[in-house]
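Structure file my_file14.pdb with PDB, C-alpha atoms:
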```
MODEL        1
ATOM      1  CA  MET A   1     -14.153  11.260  -4.631  1.00  0.00           C
ATOM      2  CA  PRO A   2     -11.542   8.527  -5.237  1.00  0.00           C
ATOM      3  CA  LEU A   3      -8.483   8.388  -3.013  1.00  0.00           C
ATOM      4  CA  THR A   4      -5.299   9.300  -4.864  1.00  0.00           C
ATOM      5  CA  THR A   5      -3.216   6.143  -4.444  1.00  0.00           C
ATOM      6  CA  ILE A   6       0.306   4.913  -5.064  1.00  0.00           C
ATOM      7  CA  LEU A   7       0.679   1.149  -5.437  1.00  0.00           C
ATOM      8  CA  VAL A   8       4.042  -0.404  -4.557  1.00  0.00           C
ATOM      9  CA  GLU A   9       3.970  -3.900  -6.040  1.00  0.00           C
ATOM     10  CA  ASP A  10       6.576  -5.653  -8.185  1.00  0.00           C
ATOM     11  CA  SER A  11       4.333  -8.307  -9.703  1.00  0.00           C
ATOM     12  CA  ARG A  12       2.831  -7.127 -12.983  1.00  0.00           C
ATOM     13  CA  THR A  13       0.100  -9.777 -12.750  1.00  0.00           C
ATOM     14  CA  ILE A  14      -0.943  -8.613  -9.298  1.00  0.00           C
ATOM     15  CA  ARG A  15      -0.863  -4.945 -10.379  1.00  0.00           C
ATOM     16  CA  ASP A  16      -2.916  -5.696 -13.487  1.00  0.00           C
ATOM     17  CA  ASN A  17      -5.580  -7.418 -11.375  1.00  0.00           C
ATOM     18  CA  LEU A  18      -5.427  -5.258  -8.283  1.00  0.00           C
ATOM     19  CA  ILE A  19      -5.728  -1.822  -9.888  1.00  0.00           C
ATOM     20  CA  PRO A  20      -9.175  -2.379 -11.470  1.00  0.00           C
ATOM     21  CA  ALA A  21     -10.388  -4.105  -8.290  1.00  0.00           C
ATOM     22  CA  LEU A  22      -9.190  -1.172  -6.178  1.00  0.00           C
ATOM     23  CA  GLU A  23     -10.968   1.290  -8.442  1.00  0.00           C
ATOM     24  CA  GLU A  24     -14.211  -0.688  -8.404  1.00  0.00           C
ATOM     25  CA  LEU A  25     -14.312  -2.065  -4.853  1.00  0.00           C
ATOM     26  CA  ALA A  26     -12.324   0.414  -2.789  1.00  0.00           C
ATOM     27  CA  GLY A  27     -12.947   3.768  -4.434  1.00  0.00           C
ATOM     28  CA  VAL A  28      -9.329   4.586  -5.203  1.00  0.00           C
ATOM     29  CA  ARG A  29      -7.528   6.007  -8.220  1.00  0.00           C
ATOM     30  CA  VAL A  30      -4.032   4.628  -8.708  1.00  0.00           C
ATOM     31  CA  VAL A  31      -1.871   7.498  -9.993  1.00  0.00           C
ATOM     32  CA  ALA A  32       1.534   5.806  -9.760  1.00  0.00           C
ATOM     33  CA  THR A  33       3.091   2.398  -9.299  1.00  0.00           C
ATOM     34  CA  ALA A  34       6.560   1.326  -8.204  1.00  0.00           C
ATOM     35  CA  GLU A  35       8.420  -1.989  -8.301  1.00  0.00           C
ATOM     36  CA  THR A  36      11.385  -1.116  -6.074  1.00  0.00           C
ATOM     37  CA  ALA A  37      11.761   0.518  -2.678  1.00  0.00           C
ATOM     38  CA  GLN A  38      13.661   3.501  -4.079  1.00  0.00           C
ATOM     39  CA  ALA A  39      11.160   4.059  -6.897  1.00  0.00           C
ATOM     40  CA  ALA A  40       8.371   3.962  -4.317  1.00  0.00           C
ATOM     41  CA  ILE A  41      10.109   6.437  -2.016  1.00  0.00           C
ATOM     42  CA  ASP A  42      10.711   8.739  -4.990  1.00  0.00           C
ATOM     43  CA  ALA A  43       7.093   8.471  -6.183  1.00  0.00           C
ATOM     44  CA  LEU A  44       5.756   9.215  -2.713  1.00  0.00           C
ATOM     45  CA  ALA A  45       8.027  12.267  -2.465  1.00  0.00           C
ATOM     46  CA  LEU A  46       7.093  13.563  -5.931  1.00  0.00           C
ATOM     47  CA  GLN A  47       3.341  12.971  -5.721  1.00  0.00           C
ATOM     48  CA  ASP A  48       2.359  15.672  -3.258  1.00  0.00           C
ATOM     49  CA  SER A  49      -1.337  14.839  -3.435  1.00  0.00           C
ATOM     50  CA  TRP A  50      -1.311  11.138  -2.544  1.00  0.00           C
ATOM     51  CA  GLN A  51      -3.779   9.998   0.095  1.00  0.00           C
ATOM     52  CA  LEU A  52      -3.125   6.257   0.218  1.00  0.00           C
ATOM     53  CA  ALA A  53      -0.037   4.120  -0.301  1.00  0.00           C
ATOM     54  CA  ILE A  54      -0.408   0.359  -0.667  1.00  0.00           C
ATOM     55  CA  VAL A  55       2.920  -1.368  -0.123  1.00  0.00           C
ATOM     56  CA  ASP A  56       4.079  -4.934  -0.713  1.00  0.00           C
ATOM     57  CA  LEU A  57       6.993  -6.069   1.453  1.00  0.00           C
ATOM     58  CA  PHE A  58       9.058  -8.056  -1.026  1.00  0.00           C
ATOM     59  CA  LEU A  59      10.024  -5.939  -4.029  1.00  0.00           C
ATOM     60  CA  LYS A  60      12.356  -6.305  -7.032  1.00  0.00           C
ATOM     61  CA  GLU A  61      14.955  -4.294  -5.138  1.00  0.00           C
ATOM     62  CA  GLY A  62      14.802  -3.292  -1.508  1.00  0.00           C
ATOM     63  CA  SER A  63      12.065  -3.899   0.995  1.00  0.00           C
ATOM     64  CA  GLY A  64       8.627  -2.513   1.581  1.00  0.00           C
ATOM     65  CA  LEU A  65       9.769  -1.933   5.153  1.00  0.00           C
ATOM     66  CA  ALA A  66      12.081   0.803   3.843  1.00  0.00           C
ATOM     67  CA  VAL A  67       9.093   2.430   2.149  1.00  0.00           C
ATOM     68  CA  VAL A  68       7.040   2.282   5.349  1.00  0.00           C
ATOM     69  CA  ARG A  69       9.985   3.743   7.287  1.00  0.00           C
ATOM     70  CA  ALA A  70      10.359   6.576   4.752  1.00  0.00           C
ATOM     71  CA  CYS A  71       6.722   7.530   5.303  1.00  0.00           C
ATOM     72  CA  GLN A  72       6.933   7.806   9.077  1.00  0.00           C
ATOM     73  CA  GLY A  73       6.635  11.602   9.052  1.00  0.00           C
ATOM     74  CA  ARG A  74       3.692  11.714   6.657  1.00  0.00           C
ATOM     75  CA  ALA A  75       0.648  13.907   7.269  1.00  0.00           C
ATOM     76  CA  ARG A  76      -2.201  12.378   9.250  1.00  0.00           C
ATOM     77  CA  ASP A  77      -4.484  12.379   6.224  1.00  0.00           C
ATOM     78  CA  ARG A  78      -2.060  10.153   4.301  1.00  0.00           C
ATOM     79  CA  HIS A  79      -2.633   6.467   4.885  1.00  0.00           C
ATOM     80  CA  LEU A  80      -0.308   3.528   4.344  1.00  0.00           C
ATOM     81  CA  ILE A  81      -1.412  -0.088   4.139  1.00  0.00           C
ATOM     82  CA  VAL A  82       0.870  -3.089   3.767  1.00  0.00           C
ATOM     83  CA  LEU A  83      -0.559  -5.793   1.491  1.00  0.00           C
ATOM     84  CA  THR A  84       1.655  -8.868   1.518  1.00  0.00           C
ATOM     85  CA  ASN A  85       1.802 -12.641   1.146  1.00  0.00           C
ATOM     86  CA  TYR A  86       3.935 -12.836   4.297  1.00  0.00           C
ATOM     87  CA  PRO A  87       1.914 -11.328   7.169  1.00  0.00           C
ATOM     88  CA  SER A  88       3.542 -13.253   9.999  1.00  0.00           C
ATOM     89  CA  PRO A  89       2.800 -11.919  13.487  1.00  0.00           C
ATOM     90  CA  GLU A  90       6.351 -10.538  13.688  1.00  0.00           C
ATOM     91  CA  MET A  91       6.090  -8.837  10.286  1.00  0.00           C
ATOM     92  CA  ARG A  92       2.728  -7.314  11.214  1.00  0.00           C
ATOM     93  CA  ARG A  93       4.264  -5.987  14.433  1.00  0.00           C
ATOM     94  CA  ARG A  94       7.246  -4.504  12.592  1.00  0.00           C
ATOM     95  CA  CYS A  95       5.076  -2.818   9.967  1.00  0.00           C
ATOM     96  CA  LEU A  96       2.770  -1.291  12.554  1.00  0.00           C
ATOM     97  CA  ALA A  97       5.731  -0.180  14.688  1.00  0.00           C
ATOM     98  CA  LEU A  98       7.172   1.603  11.638  1.00  0.00           C
ATOM     99  CA  GLY A  99       3.908   3.443  11.096  1.00  0.00           C
ATOM    100  CA  ALA A 100       1.744   1.351   8.756  1.00  0.00           C
ATOM    101  CA  ASP A 101      -1.947   1.874   9.407  1.00  0.00           C
ATOM    102  CA  ALA A 102      -2.787  -1.771   8.735  1.00  0.00           C
ATOM    103  CA  VAL A 103      -1.367  -5.019   7.352  1.00  0.00           C
ATOM    104  CA  PHE A 104      -3.366  -7.429   5.200  1.00  0.00           C
ATOM    105  CA  ASP A 105      -2.660 -10.846   3.677  1.00  0.00           C
ATOM    106  CA  LYS A 106      -3.054 -10.819  -0.115  1.00  0.00           C
ATOM    107  CA  SER A 107      -4.336 -14.364  -0.195  1.00  0.00           C
ATOM    108  CA  THR A 108      -6.861 -14.390   2.665  1.00  0.00           C
ATOM    109  CA  GLU A 109      -7.775 -10.833   3.685  1.00  0.00           C
ATOM    110  CA  LEU A 110      -8.704  -8.997   0.486  1.00  0.00           C
ATOM    111  CA  ASP A 111     -12.300  -8.334   1.561  1.00  0.00           C
ATOM    112  CA  ALA A 112     -11.091  -6.737   4.785  1.00  0.00           C
ATOM    113  CA  PHE A 113      -8.442  -4.821   2.825  1.00  0.00           C
ATOM    114  CA  PHE A 114     -11.002  -3.337   0.404  1.00  0.00           C
ATOM    115  CA  ALA A 115     -13.325  -2.462   3.314  1.00  0.00           C
ATOM    116  CA  HIS A 116     -10.441  -0.745   5.107  1.00  0.00           C
ATOM    117  CA  CYS A 117      -9.681   1.349   2.012  1.00  0.00           C
ATOM    118  CA  LEU A 118     -13.349   2.337   1.715  1.00  0.00           C
ATOM    119  CA  ALA A 119     -13.415   3.394   5.375  1.00  0.00           C
ATOM    120  CA  TYR A 120     -10.879   6.146   4.615  1.00  0.00           C
ATOM    121  CA  GLN A 121     -13.519   7.818   2.471  1.00  0.00           C
ATOM    122  CA  ALA A 122     -16.125   8.008   5.221  1.00  0.00           C
ATOM    123  CA  PRO A 123     -16.804  11.592   6.328  1.00  0.00           C
TER     124      PRO A 123
ENDMDL
END
```
Could you write out this structure as structure tokens?
Amino acid sequence: MPLTTILVEDSRTIRDNLIPALEELAGVRVVATAETAQAAIDALALQDSWQLAIVDLFLKEGSGLAVVRACQGRARDRHLIVLTNYPSPEMRRRCLALGADAVFDKSTELDAFFAHCLAYQAP
């Protein structure tokens, strides 16, 4: 069964390409998208059945770090992955310290990202 997913990404081009790839390669169903930190926080609060959040760090307004921070108290069966173009060692450390499950580089780690998403579906 596909993971109910919220995608936080401000680039329409990336969303338009990533959503079908996620559905095909990672077994997810994107039920909501957000372009700003506040819209993402609101969507995550309103969608009580989400299982996976995929968060970019640089958004139209606000930061993906605020979204990660807002999810710190989430249930254990809710996963949060940061997918960014700026995965410096310091940024990876900050994301993980705030509670992200994993951090992936959009330009070089997509295969590992899709595999990580699929692993959440394993029994």
Show which residues sit within 12 Å of Ile81 (chain A), as JSON, numbers by chain. Count all atoms listed in the file, and ignore same-chain residues fewer than 5 positions away. {"A": [5, 6, 7, 8, 51, 52, 53, 54, 55, 56, 57, 64, 65, 67, 68, 71, 92, 95, 96, 98, 99, 100, 101, 102, 103, 104, 105, 106, 112, 113, 114, 116, 117, 120]}
Export of prior selection with C-alpha atoms as a compact mmCIF listing (two decimals), keeping the file's coordinate frame:
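Generated output (selection-v3.txt):
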```
# COMPACT_ATOMS: atom_id res chain seq x y z
CA THR A 5 -3.22 6.14 -4.44
CA ILE A 6 0.31 4.91 -5.06
CA LEU A 7 0.68 1.15 -5.44
CA VAL A 8 4.04 -0.40 -4.56
CA GLN A 51 -3.78 10.00 0.10
CA LEU A 52 -3.12 6.26 0.22
CA ALA A 53 -0.04 4.12 -0.30
CA ILE A 54 -0.41 0.36 -0.67
CA VAL A 55 2.92 -1.37 -0.12
CA ASP A 56 4.08 -4.93 -0.71
CA LEU A 57 6.99 -6.07 1.45
CA GLY A 64 8.63 -2.51 1.58
CA LEU A 65 9.77 -1.93 5.15
CA VAL A 67 9.09 2.43 2.15
CA VAL A 68 7.04 2.28 5.35
CA CYS A 71 6.72 7.53 5.30
CA ARG A 92 2.73 -7.31 11.21
CA CYS A 95 5.08 -2.82 9.97
CA LEU A 96 2.77 -1.29 12.55
CA LEU A 98 7.17 1.60 11.64
CA GLY A 99 3.91 3.44 11.10
CA ALA A 100 1.74 1.35 8.76
CA ASP A 101 -1.95 1.87 9.41
CA ALA A 102 -2.79 -1.77 8.74
CA VAL A 103 -1.37 -5.02 7.35
CA PHE A 104 -3.37 -7.43 5.20
CA ASP A 105 -2.66 -10.85 3.68
CA LYS A 106 -3.05 -10.82 -0.12
CA ALA A 112 -11.09 -6.74 4.78
CA PHE A 113 -8.44 -4.82 2.82
CA PHE A 114 -11.00 -3.34 0.40
CA HIS A 116 -10.44 -0.74 5.11
CA CYS A 117 -9.68 1.35 2.01
CA TYR A 120 -10.88 6.15 4.62
```
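Checking A:Gln72, A:Leu59, A:Met1, A:Ser11 one by one against Arg29 (chain A), counting only C-alpha atoms, you find the shortest gap at A:Met1.
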Top pick for closest residue to Leu25 (chain A), considering A:Ala45, A:Asp111, A:Glu61, A:Thr4 and counting only C-alpha atoms: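 When distances to Leu25 (chain A) are compared using only C-alpha atoms, the smallest one comes from A:Asp111.
Checking A:Gln121, A:Asn85, A:Ser49, A:Ser107 one by one against Glu9 (chain A), counting all atoms listed in the file, you find the shortest gap at A:Asn85.
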By how many Å are CA of Leu44 (chain A) and CA of Ala70 (chain A) apart?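 We find that CA of Leu44 (chain A) and CA of Ala70 (chain A) lie 9.2 Å from each other.
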Residues proximal to (1.8, 10.7, -9.4) were defined as those with any atom within 7 Å of that point in the file's coordinates, counting only C-alpha atoms. Which are they, as a PyMOL selection string? chain A and resi 31-32+43+46-47
Quick one: distance from CA of Gly27 (chain A) to CA of Asp42 (chain A) in Å, one decimal?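 Between CA of Gly27 (chain A) and CA of Asp42 (chain A) the gap works out to 24.2 Å.
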Using all atoms listed in the file, which of the listed residues (A:Leu83, A:Ala97, A:Leu3, A:Ala66) sits closest to Ala39 (chain A)? A:Ala66
Going by the chain IDs and residue numbers used in this file, which residues fall under the PyMOL selection byres ((chain A and resi 37) around 6)? Write them as a PDB file with C-alpha atoms, in the coordinates of the input.
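Dumped everything to result-v9.pdb:
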```pdb
ATOM      1  CA  THR A  36      11.385  -1.116  -6.074  1.00  0.00           C
ATOM      2  CA  GLN A  38      13.661   3.501  -4.079  1.00  0.00           C
ATOM      3  CA  ALA A  39      11.160   4.059  -6.897  1.00  0.00           C
ATOM      4  CA  ALA A  40       8.371   3.962  -4.317  1.00  0.00           C
ATOM      5  CA  GLY A  62      14.802  -3.292  -1.508  1.00  0.00           C
ATOM      6  CA  SER A  63      12.065  -3.899   0.995  1.00  0.00           C
ATOM      7  CA  VAL A  67       9.093   2.430   2.149  1.00  0.00           C
TER       8      VAL A  67
END
```
Put the listed atoms of region 43-56 of chain A in a box along x, y and z with 6 Å added on every side and give me the centre and edge lengths in Å to one decimal, as AutoDock Vina command-line options.
```
--center_x 2.1 --center_y 5.4 --center_z -3.0 --size_x 23.8 --size_y 32.6 --size_z 18.4
```
With the file shown as input, list the residues that the PyMOL selection byres ((chain A and resi 78) around 9) selects, as an MDAnalysis selection string. chainID A and resid 50:53 74:77 79:80
For a test of reading the model, state the distance in Å between CA of Met91 (chain A) and CA of Thr108 (chain A), rounded to one decimal.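 Between CA of Met91 (chain A) and CA of Thr108 (chain A) the gap is 16.0 Å.
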Find, counting all atoms listed in the file, the residue in A:Leu118, A:Val82, A:Leu110, A:Leu18 that gets nearest to Val30 (chain A).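 Going through A:Leu118, A:Val82, A:Leu110, A:Leu18 one by one, the smallest distance to Val30 (chain A) is for A:Leu18.
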Residue among A:Asp48, A:Ala119, A:Arg15, A:Thr33 lying closest to Pro2 (chain A), counting all atoms listed in the file: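 Of A:Asp48, A:Ala119, A:Arg15, A:Thr33, the one nearest Pro2 (chain A), counting all atoms listed in the file, is A:Ala119.
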